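Below is target-v2.txt, holding compact mmCIF, C-alpha atoms and all ligand atoms.
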```
# COMPACT_ATOMS: atom_id res chain seq x y z
CA MET N 1 37.12 -101.04 -24.20
CA GLN N 2 35.14 -97.91 -25.26
CA ASN N 3 32.18 -100.21 -25.56
CA THR N 4 32.20 -100.92 -21.84
CA GLN N 5 32.82 -97.25 -21.16
CA LEU N 6 29.76 -96.32 -23.22
CA ARG N 7 27.62 -98.74 -21.29
CA ASP N 8 28.89 -97.29 -18.02
CA ILE N 9 28.15 -93.77 -19.23
CA LEU N 10 24.66 -94.77 -20.27
CA ASN N 11 23.99 -96.35 -16.90
CA GLU N 12 25.36 -93.38 -15.00
CA ALA N 13 23.39 -90.99 -17.17
CA ARG N 14 20.20 -92.97 -16.62
CA GLU N 15 20.76 -92.90 -12.85
CA GLN N 16 21.66 -89.22 -12.61
CA ILE N 17 18.86 -88.08 -14.87
CA GLU N 18 16.45 -90.28 -12.93
CA ASN N 19 17.59 -88.73 -9.64
CA ALA N 20 17.65 -85.12 -10.80
CA ALA N 21 15.19 -83.38 -8.49
CA ASN N 22 14.61 -80.25 -10.51
CA ARG N 23 15.34 -78.35 -13.67
CA SER N 24 18.84 -77.19 -12.68
CA GLU N 25 19.95 -80.69 -11.64
CA THR N 26 18.67 -82.03 -14.96
CA GLU N 27 20.64 -79.32 -16.72
CA GLU N 28 23.75 -80.32 -14.74
CA ALA N 29 23.31 -83.90 -15.94
CA ARG N 30 22.96 -82.71 -19.54
CA VAL N 31 26.23 -80.76 -19.31
CA ARG N 32 27.99 -83.65 -17.61
CA PHE N 33 27.15 -86.11 -20.39
CA LEU N 34 26.46 -84.13 -23.53
CA GLY N 35 28.23 -80.83 -22.91
CA LYS N 36 31.41 -79.73 -24.74
CA LYS N 37 33.48 -81.31 -22.03
CA GLY N 38 30.95 -84.01 -21.30
CA ARG N 39 31.74 -87.71 -20.93
CA LEU N 40 30.24 -88.78 -24.24
CA THR N 41 31.92 -85.96 -26.11
CA GLU N 42 35.29 -87.08 -24.74
CA ILE N 43 34.76 -90.59 -26.09
CA LEU N 44 33.80 -89.30 -29.51
CA ARG N 45 36.90 -87.10 -29.53
CA SER N 46 39.20 -90.01 -28.63
CA MET N 47 37.90 -92.02 -31.61
CA GLY N 48 40.46 -90.37 -33.91
CA THR N 49 43.10 -92.89 -32.86
CA LEU N 50 41.04 -95.95 -33.85
CA ASP N 51 41.18 -97.79 -37.14
CA PRO N 52 38.28 -97.10 -39.55
CA GLU N 53 36.32 -100.34 -38.86
CA GLU N 54 36.39 -99.84 -35.13
CA ARG N 55 35.61 -96.14 -35.49
CA LYS N 56 32.54 -96.89 -37.53
CA ALA N 57 31.17 -99.43 -35.10
CA LEU N 58 31.90 -97.32 -32.06
CA GLY N 59 30.57 -94.19 -33.80
CA LYS N 60 27.22 -95.86 -34.26
CA LEU N 61 27.11 -97.02 -30.64
CA ALA N 62 28.09 -93.56 -29.40
CA ASN N 63 25.40 -91.89 -31.51
CA ASP N 64 22.80 -94.35 -30.24
CA ALA N 65 23.90 -93.61 -26.68
CA ARG N 66 23.68 -89.89 -27.37
CA ALA N 67 20.17 -90.24 -28.79
CA GLU N 68 19.12 -92.26 -25.79
CA ILE N 69 20.52 -89.74 -23.31
CA GLU N 70 18.86 -86.89 -25.22
CA GLY N 71 15.56 -88.73 -25.07
CA MET N 72 15.91 -89.27 -21.33
CA LEU N 73 16.75 -85.61 -20.82
CA THR N 74 13.78 -84.39 -22.87
CA ARG N 75 11.39 -86.54 -20.89
CA LYS N 76 12.95 -85.47 -17.61
CA PHE N 77 12.82 -81.78 -18.50
CA GLU N 78 9.13 -82.13 -19.26
CA LYS N 79 8.54 -83.92 -15.99
CA VAL N 80 10.35 -81.37 -13.77
CA LYS N 81 8.70 -78.48 -15.60
CA ALA N 82 5.26 -79.97 -14.98
CA ALA N 83 6.18 -80.57 -11.34
CA GLU N 84 7.33 -76.97 -10.95
CA HIS N 85 4.08 -75.68 -12.46
CA ALA N 86 2.01 -77.86 -10.20
CA LEU N 87 3.97 -76.61 -7.21
CA ARG N 88 3.49 -72.98 -8.21
CA PHE N 89 -0.22 -73.44 -8.82
CA SER N 90 -0.73 -74.93 -5.40
CA ALA N 91 1.42 -72.21 -3.75
CA GLU N 92 -0.49 -69.43 -5.51
CA ALA N 93 -3.88 -70.99 -5.16
CA VAL N 94 -6.64 -68.57 -4.15
CA ASP N 95 -9.43 -69.52 -1.86
CA VAL N 96 -12.32 -68.03 -3.79
CA THR N 97 -14.70 -68.76 -0.95
CA GLU N 98 -12.84 -66.47 1.46
CA PRO N 99 -14.75 -63.19 1.99
CA GLY N 100 -13.02 -60.18 0.36
CA ALA N 101 -11.89 -57.01 2.10
CA PRO N 102 -14.78 -54.55 1.68
CA LEU N 103 -14.02 -51.75 -0.77
CA ARG N 104 -15.68 -48.46 0.13
CA ILE N 105 -17.00 -46.87 -3.03
CA GLY N 106 -17.30 -43.09 -2.95
CA ALA N 107 -20.28 -41.09 -4.12
CA LYS N 108 -20.49 -37.82 -5.99
CA HIS N 109 -21.13 -34.96 -3.61
CA PRO N 110 -24.70 -33.58 -3.79
CA ILE N 111 -23.27 -30.12 -4.54
CA THR N 112 -21.37 -31.55 -7.53
CA ARG N 113 -24.51 -33.39 -8.65
CA THR N 114 -26.58 -30.23 -8.38
CA ILE N 115 -24.02 -28.17 -10.35
CA GLU N 116 -24.05 -30.88 -13.02
CA ALA N 117 -27.85 -30.91 -13.16
CA ILE N 118 -28.01 -27.09 -13.45
CA SER N 119 -25.26 -27.10 -16.10
CA ARG N 120 -27.00 -29.78 -18.18
CA ILE N 121 -30.21 -27.74 -18.34
CA PHE N 122 -28.42 -24.60 -19.52
CA MET N 123 -26.16 -26.50 -21.89
CA ARG N 124 -29.25 -27.89 -23.59
CA MET N 125 -30.29 -24.25 -24.13
CA GLY N 126 -26.95 -23.52 -25.80
CA PHE N 127 -24.97 -22.12 -22.88
CA SER N 128 -21.37 -23.14 -22.44
CA VAL N 129 -19.67 -23.61 -19.06
CA THR N 130 -16.75 -21.45 -18.05
CA GLU N 131 -14.88 -21.04 -14.78
CA GLY N 132 -12.97 -18.29 -13.04
CA PRO N 133 -10.45 -18.09 -10.18
CA GLU N 134 -11.51 -18.02 -6.54
CA VAL N 135 -8.91 -15.39 -5.74
CA GLU N 136 -10.10 -12.31 -7.60
CA THR N 137 -9.19 -8.69 -8.02
CA VAL N 138 -11.25 -6.11 -6.17
CA PHE N 139 -11.85 -4.60 -9.61
CA ASN N 140 -13.48 -7.74 -11.06
CA ASN N 141 -15.40 -8.56 -7.91
CA PHE N 142 -16.76 -5.04 -7.23
CA ASP N 143 -15.70 -2.10 -9.43
CA ALA N 144 -16.40 -3.63 -12.84
CA LEU N 145 -19.76 -4.83 -11.56
CA ASN N 146 -20.87 -1.28 -10.87
CA ALA N 147 -20.73 -1.66 -7.11
CA ALA N 148 -20.36 1.87 -5.75
CA PRO N 149 -17.16 2.42 -3.77
CA ASN N 150 -19.16 2.68 -0.57
CA HIS N 151 -21.47 -0.23 -1.32
CA PRO N 152 -22.03 -2.26 1.86
CA SER N 153 -20.95 -5.52 0.19
CA ARG N 154 -17.38 -4.20 0.09
CA GLU N 155 -17.19 -4.08 3.86
CA LEU N 156 -14.21 -5.75 5.45
CA THR N 157 -16.62 -7.59 7.70
CA ASP N 158 -18.26 -9.31 4.71
CA THR N 159 -15.26 -9.93 2.49
CA PHE N 160 -12.10 -11.98 2.90
CA TYR N 161 -9.52 -9.51 1.60
CA ILE N 162 -6.11 -10.97 0.78
CA THR N 163 -4.41 -7.70 -0.08
CA GLU N 164 -5.80 -4.26 -0.78
CA ASP N 165 -6.45 -5.29 -4.40
CA THR N 166 -7.26 -8.99 -4.12
CA LEU N 167 -9.87 -11.00 -2.28
CA LEU N 168 -11.65 -14.33 -2.17
CA ARG N 169 -14.52 -13.70 -4.56
CA THR N 170 -17.80 -13.04 -2.78
CA GLN N 171 -19.84 -14.12 -5.81
CA THR N 172 -19.33 -15.79 -9.21
CA SER N 173 -20.20 -12.53 -10.98
CA PRO N 174 -16.55 -11.59 -11.65
CA VAL N 175 -16.60 -14.37 -14.25
CA GLN N 176 -19.07 -12.13 -16.13
CA VAL N 177 -16.38 -9.46 -16.23
CA ARG N 178 -13.69 -11.92 -17.33
CA THR N 179 -15.98 -13.24 -20.06
CA LEU N 180 -16.90 -9.75 -21.29
CA LEU N 181 -13.20 -8.82 -21.40
CA SER N 182 -12.20 -11.92 -23.35
CA GLN N 183 -15.14 -12.55 -25.69
CA ALA N 184 -17.21 -10.52 -28.10
CA PRO N 185 -21.00 -11.01 -28.27
CA PRO N 186 -22.88 -13.21 -28.77
CA ILE N 187 -22.05 -14.53 -25.30
CA LYS N 188 -23.95 -17.36 -23.65
CA VAL N 189 -22.19 -18.79 -20.62
CA ILE N 190 -22.82 -20.14 -17.17
CA SER N 191 -20.14 -20.29 -14.53
CA PRO N 192 -20.37 -22.50 -11.45
CA GLY N 193 -17.94 -22.11 -8.58
CA ARG N 194 -17.08 -21.49 -4.94
CA CYS N 195 -17.61 -18.15 -3.24
CA PHE N 196 -16.60 -16.85 0.16
CA ARG N 197 -18.08 -14.44 2.64
CA VAL N 198 -17.31 -13.72 6.25
CA ASP N 199 -20.21 -15.46 7.89
CA THR N 200 -20.80 -17.59 10.93
CA ALA N 201 -21.93 -21.05 9.95
CA ASP N 202 -25.49 -21.88 10.90
CA ALA N 203 -28.32 -23.85 9.29
CA THR N 204 -28.57 -21.46 6.33
CA HIS N 205 -25.16 -19.72 6.23
CA SER N 206 -21.66 -20.88 5.43
CA PRO N 207 -18.49 -18.84 4.84
CA MET N 208 -17.90 -20.98 1.74
CA PHE N 209 -20.72 -21.71 -0.65
CA HIS N 210 -21.40 -22.27 -4.35
CA GLN N 211 -23.08 -20.22 -7.01
CA VAL N 212 -23.91 -20.63 -10.65
CA GLU N 213 -23.70 -17.42 -12.63
CA GLY N 214 -25.24 -16.96 -16.05
CA LEU N 215 -24.62 -14.33 -18.70
CA LEU N 216 -26.19 -13.82 -22.10
CA VAL N 217 -25.24 -10.88 -24.33
CA ASP N 218 -26.54 -10.52 -27.87
CA GLU N 219 -28.57 -8.21 -30.09
CA ASP N 220 -32.16 -7.53 -29.01
CA VAL N 221 -31.98 -9.36 -25.70
CA SER N 222 -34.88 -8.35 -23.53
CA MET N 223 -36.37 -9.05 -20.13
CA SER N 224 -38.74 -11.56 -21.74
CA ASP N 225 -35.75 -13.63 -22.97
CA LEU N 226 -34.51 -13.66 -19.40
CA LYS N 227 -37.90 -14.72 -18.06
CA GLY N 228 -38.32 -17.42 -20.71
CA THR N 229 -34.86 -18.88 -20.11
CA LEU N 230 -35.22 -19.00 -16.34
CA ASP N 231 -38.75 -20.37 -16.56
CA VAL N 232 -37.43 -23.29 -18.63
CA PHE N 233 -34.72 -23.80 -16.02
CA ALA N 234 -37.20 -23.85 -13.10
CA LYS N 235 -39.49 -26.32 -14.87
CA GLN N 236 -36.66 -28.69 -15.85
CA MET N 237 -35.13 -28.52 -12.40
CA PHE N 238 -38.24 -28.78 -10.24
CA GLY N 239 -41.00 -30.09 -12.49
CA GLU N 240 -43.12 -29.04 -15.45
CA ASP N 241 -45.90 -27.78 -13.19
CA VAL N 242 -43.97 -25.01 -11.45
CA LYS N 243 -44.80 -21.42 -12.33
CA THR N 244 -42.39 -18.53 -12.01
CA ARG N 245 -42.80 -14.89 -11.08
CA PHE N 246 -40.34 -12.01 -11.02
CA ARG N 247 -40.17 -9.43 -8.25
CA PRO N 248 -38.15 -6.21 -8.34
CA HIS N 249 -35.08 -6.25 -6.12
CA PHE N 250 -31.84 -4.34 -5.91
CA PHE N 251 -28.49 -5.52 -7.19
CA PRO N 252 -25.94 -2.94 -8.24
CA PHE N 253 -24.87 -4.61 -11.47
CA THR N 254 -28.18 -5.41 -13.11
CA GLU N 255 -30.95 -3.12 -14.17
CA PRO N 256 -33.84 -3.66 -14.06
CA ILE N 257 -33.25 -6.15 -11.34
CA ALA N 258 -35.43 -8.93 -10.15
CA GLU N 259 -35.73 -11.98 -8.02
CA MET N 260 -37.35 -15.04 -9.45
CA ASP N 261 -39.78 -17.04 -7.34
CA MET N 262 -41.33 -20.30 -8.37
CA SER N 263 -44.55 -21.82 -7.20
CA CYS N 264 -43.86 -24.45 -4.56
CA PHE N 265 -43.02 -27.73 -6.28
CA LYS N 266 -44.03 -29.65 -3.14
CA CYS N 267 -47.54 -28.33 -2.54
CA GLY N 268 -48.29 -26.74 -5.90
CA GLY N 269 -48.75 -23.36 -4.22
CA ARG N 270 -51.28 -24.28 -1.57
CA GLY N 271 -48.75 -23.72 1.19
CA CYS N 272 -46.56 -26.22 3.04
CA ARG N 273 -43.41 -26.52 5.16
CA VAL N 274 -41.07 -26.14 2.15
CA CYS N 275 -42.57 -22.82 1.07
CA LYS N 276 -43.22 -21.81 4.68
CA GLY N 277 -46.92 -21.60 3.89
CA GLY N 278 -46.58 -18.91 1.23
CA GLY N 279 -46.85 -21.12 -1.82
CA TRP N 280 -43.84 -19.43 -3.48
CA ILE N 281 -40.10 -20.12 -3.17
CA GLU N 282 -37.32 -17.65 -3.90
CA VAL N 283 -34.92 -19.28 -6.37
CA LEU N 284 -32.47 -16.78 -7.80
CA GLY N 285 -31.54 -13.20 -8.58
CA CYS N 286 -31.42 -11.89 -12.12
CA GLY N 287 -31.76 -8.88 -14.34
CA MET N 288 -30.65 -7.05 -17.45
CA VAL N 289 -26.93 -6.31 -17.32
CA HIS N 290 -26.18 -2.68 -16.44
CA PRO N 291 -24.72 -0.82 -19.46
CA ASN N 292 -21.76 0.24 -17.29
CA VAL N 293 -20.85 -3.42 -16.82
CA LEU N 294 -21.14 -4.12 -20.56
CA ARG N 295 -18.97 -1.08 -21.33
CA VAL N 296 -16.17 -2.45 -19.11
CA GLY N 297 -15.96 -5.30 -21.61
CA GLY N 298 -16.03 -2.94 -24.58
CA VAL N 299 -19.50 -4.04 -25.63
CA ASP N 300 -21.36 -1.62 -27.91
CA THR N 301 -24.39 -0.96 -25.70
CA GLU N 302 -26.30 0.62 -28.59
CA ARG N 303 -26.26 -2.71 -30.34
CA HIS N 304 -26.02 -5.30 -27.61
CA THR N 305 -27.94 -5.93 -24.43
CA GLY N 306 -27.73 -8.79 -22.02
CA PHE N 307 -29.11 -10.49 -18.99
CA ALA N 308 -27.44 -12.15 -16.06
CA PHE N 309 -28.54 -14.35 -13.21
CA GLY N 310 -27.00 -15.99 -10.20
CA MET N 311 -28.22 -18.75 -7.95
CA GLY N 312 -27.04 -20.47 -4.81
CA VAL N 313 -26.24 -24.10 -5.49
CA GLU N 314 -26.73 -25.12 -1.85
CA ARG N 315 -30.16 -23.53 -1.87
CA ILE N 316 -31.19 -25.43 -5.02
CA ALA N 317 -29.83 -28.70 -3.58
CA MET N 318 -31.58 -28.12 -0.24
CA LEU N 319 -34.88 -27.46 -2.00
CA ARG N 320 -34.56 -30.46 -4.31
CA HIS N 321 -33.65 -32.92 -1.59
CA GLY N 322 -35.47 -31.46 1.39
CA ILE N 323 -32.28 -30.71 3.34
CA ASP N 324 -32.75 -28.21 6.14
CA ASP N 325 -29.19 -27.60 7.33
CA ILE N 326 -26.49 -26.29 4.95
CA ARG N 327 -23.71 -27.58 7.24
CA LEU N 328 -24.53 -31.16 6.24
CA PHE N 329 -22.89 -30.47 2.87
CA TYR N 330 -19.50 -29.79 4.42
CA GLU N 331 -19.27 -32.48 7.09
CA ASN N 332 -18.36 -35.17 4.53
CA ASP N 333 -20.35 -37.79 6.38
CA MET N 334 -20.59 -40.64 3.89
CA ARG N 335 -23.98 -41.65 5.30
CA PHE N 336 -25.28 -38.27 4.11
CA ILE N 337 -23.40 -38.10 0.81
CA GLU N 338 -24.26 -41.65 -0.28
CA GLN N 339 -27.98 -40.90 -0.23
CA PHE N 340 -27.77 -38.92 -3.46
CA GLY N 341 -26.25 -41.67 -5.64
ZN ZN M 1 -45.27 -25.51 -0.54
```
Please re-express this file's structure in structure tokens.
Amino acid sequence: MQNTQLRDILNEAREQIENAANRSETEEARVRFLGKKGRLTEILRSMGTLDPEERKALGKLANDARAEIEGMLTRKFEKVKAAEHALRFSAEAVDVTEPGAPLRIGAKHPITRTIEAISRIFMRMGFSVTEGPEVETVFNNFDALNAAPNHPSRELTDTFYITEDTLLRTQTSPVQVRTLLSQAPPIKVISPGRCFRVDTADATHSPMFHQVEGLLVDEDVSMSDLKGTLDVFAKQMFGEDVKTRFRPHFFPFTEPIAEMDMSCFKCGGRGCRVCKGGGWIEVLGCGMVHPNVLRVGGVDTERHTGFAFGMGVERIAMLRHGIDDIRLFYENDMRFIEQFG
């Protein structure tokens, strides 16, 4: 009697496993026939009432049936799994021939590039790079730099004052003061950053612009160290052939004070549009640091001297790349910015 039952179970199992459409239906079939309450398990459980001979014979048949069902299930599981994979692959297939969405790649701003180029030259000469805040105290921006209380640069019309004691720095020179207050000589730093002055934007002026400040304080620093350092800078920035010259000028915080010109890198000094025919180009302001400025930082002026310089980054970038309107730097037109990559 169980014999017939086993055959029926086998047939049913074969049919159901055959018809299972997916993994969960195959699993249902497994539970139905081989699970704890499955059909085959029930038969095996009922064998306790049989006599030993019968039990042995039926036991063998039942185990054979079980092995057969297990085999069918294994094959079926493999088949549905493969089918599912194939389905997923075709659903997730990518058409590699379809054109991609264009990705706009940015470019480093020419001002950033110029600051990096300037910094690299001075770093090779042993300077380190330091930065200061854009909102400064009136003390750091003017007083500590030896600017007389009635100096014209303090005028409300030139300076963005925030309160009576704070302002948007008009130059990077306050970083000199911060450095002198926080470090003892030897000091060898440059400091790039943004500066602000009340100015109407035109081809050569902008209320926001960039400077790089430099400061060197050590024993026996002289004007010739200053000239040598800045000459190396001019040659590395604009070409080995450029010559430099220093003209006296007035800045309150350096003494003696000078402006550095270089021979025109475009025409070699013969005169052209870049140098406006003169053969020389004004590059930066510089000078020995006024003892009053050094004293603010507690520097022993008997022992230490120093020089400082400051240059306009926009000016350097305009010279290097032949740009004739400063406003181009701030319009963020990618067609302009991408040219410097
Ligand atoms: Zn020239």
Could I get the residue neighbourhood of ligand ZN 1 (chain M) at 9 Å, counting all atoms listed in the file, as a PyMOL selection string? chain N and resi 263-281
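Closest to Glu70 of chain N among N:Asn19, N:Thr26, N:Ser90, N:Gln176 is N:Thr26, based on all atoms listed in the file.
Of note, atom CA of Gly287 of chain N and atom CA of Phe127 of chain N are spaced 17.2 Å apart.
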Contacts between segment 190-205 of chain N and segment 42-122 of chain N, please, where a residue of segment 42-122 of chain N counts if it comes within 10 Å (with all atoms listed in the file); show its shortest atom pair and distance in Å to one decimal, rows by chain and ascending number, as JSON lines.
```
{"residue": "N:Thr112", "atom": "CA", "partner": "N:Pro192", "partner_atom": "CA", "distance": 9.9}
{"residue": "N:Ile115", "atom": "CA", "partner": "N:Pro192", "partner_atom": "CA", "distance": 6.8}
{"residue": "N:Glu116", "atom": "CA", "partner": "N:Pro192", "partner_atom": "CA", "distance": 9.3}
{"residue": "N:Ile118", "atom": "CA", "partner": "N:Pro192", "partner_atom": "CA", "distance": 9.1}
{"residue": "N:Ser119", "atom": "CA", "partner": "N:Ile190", "partner_atom": "CA", "distance": 7.5}
{"residue": "N:Phe122", "atom": "CA", "partner": "N:Ile190", "partner_atom": "CA", "distance": 7.5}
```
How about saving the chosen residues, C-alpha atoms kept, as a PDB file, in the frame of the given file?
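After the write, part-v6.pdb holds the following:
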```
ATOM      1  CA  THR N 112     -21.370 -31.550  -7.530  1.00  0.00           C
ATOM      2  CA  ILE N 115     -24.020 -28.170 -10.350  1.00  0.00           C
ATOM      3  CA  GLU N 116     -24.050 -30.880 -13.020  1.00  0.00           C
ATOM      4  CA  ILE N 118     -28.010 -27.090 -13.450  1.00  0.00           C
ATOM      5  CA  SER N 119     -25.260 -27.100 -16.100  1.00  0.00           C
ATOM      6  CA  PHE N 122     -28.420 -24.600 -19.520  1.00  0.00           C
TER       7      PHE N 122
END
```
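For the set N:Thr49, N:Asn63, N:Gln339, N:Thr305, the residue with the smallest atom-to-atom gap to Asp225 of chain N is N:Thr305, counting only C-alpha atoms.
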At a cut-off of 12 Å, using all atoms listed in the file, what residues contact Asp218 of chain N? Leave out same-chain residues fewer than 6 positions from it and give the result as a ChimeraX atom specification. /N:180,183-189,225,288-289,294,299-308
As a check of understanding: the span from atom CA of Arg178 of chain N to atom CA of Arg247 of chain N is 28.1 Å
Which polymer residues, protein or nucleic acid, are no farther than 7 Å from (-6.3, -4.9, -5.4), counting all atoms listed in the file, as a JSON list (two decimals) with C-alpha atoms, in the frame of the given file?
```
[["chain", "number", "residue", "atom", "x", "y", "z"],
["N", 137, "THR", "CA", -9.19, -8.69, -8.02],
["N", 138, "VAL", "CA", -11.25, -6.11, -6.17],
["N", 139, "PHE", "CA", -11.85, -4.60, -9.61],
["N", 163, "THR", "CA", -4.41, -7.70, -0.08],
["N", 164, "GLU", "CA", -5.80, -4.26, -0.78],
["N", 165, "ASP", "CA", -6.45, -5.29, -4.40],
["N", 166, "THR", "CA", -7.26, -8.99, -4.12]]
```
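Reported to one decimal place, the separation of atom CA of Ile162 of chain N from atom CA of Leu215 of chain N is 27.1 Å.
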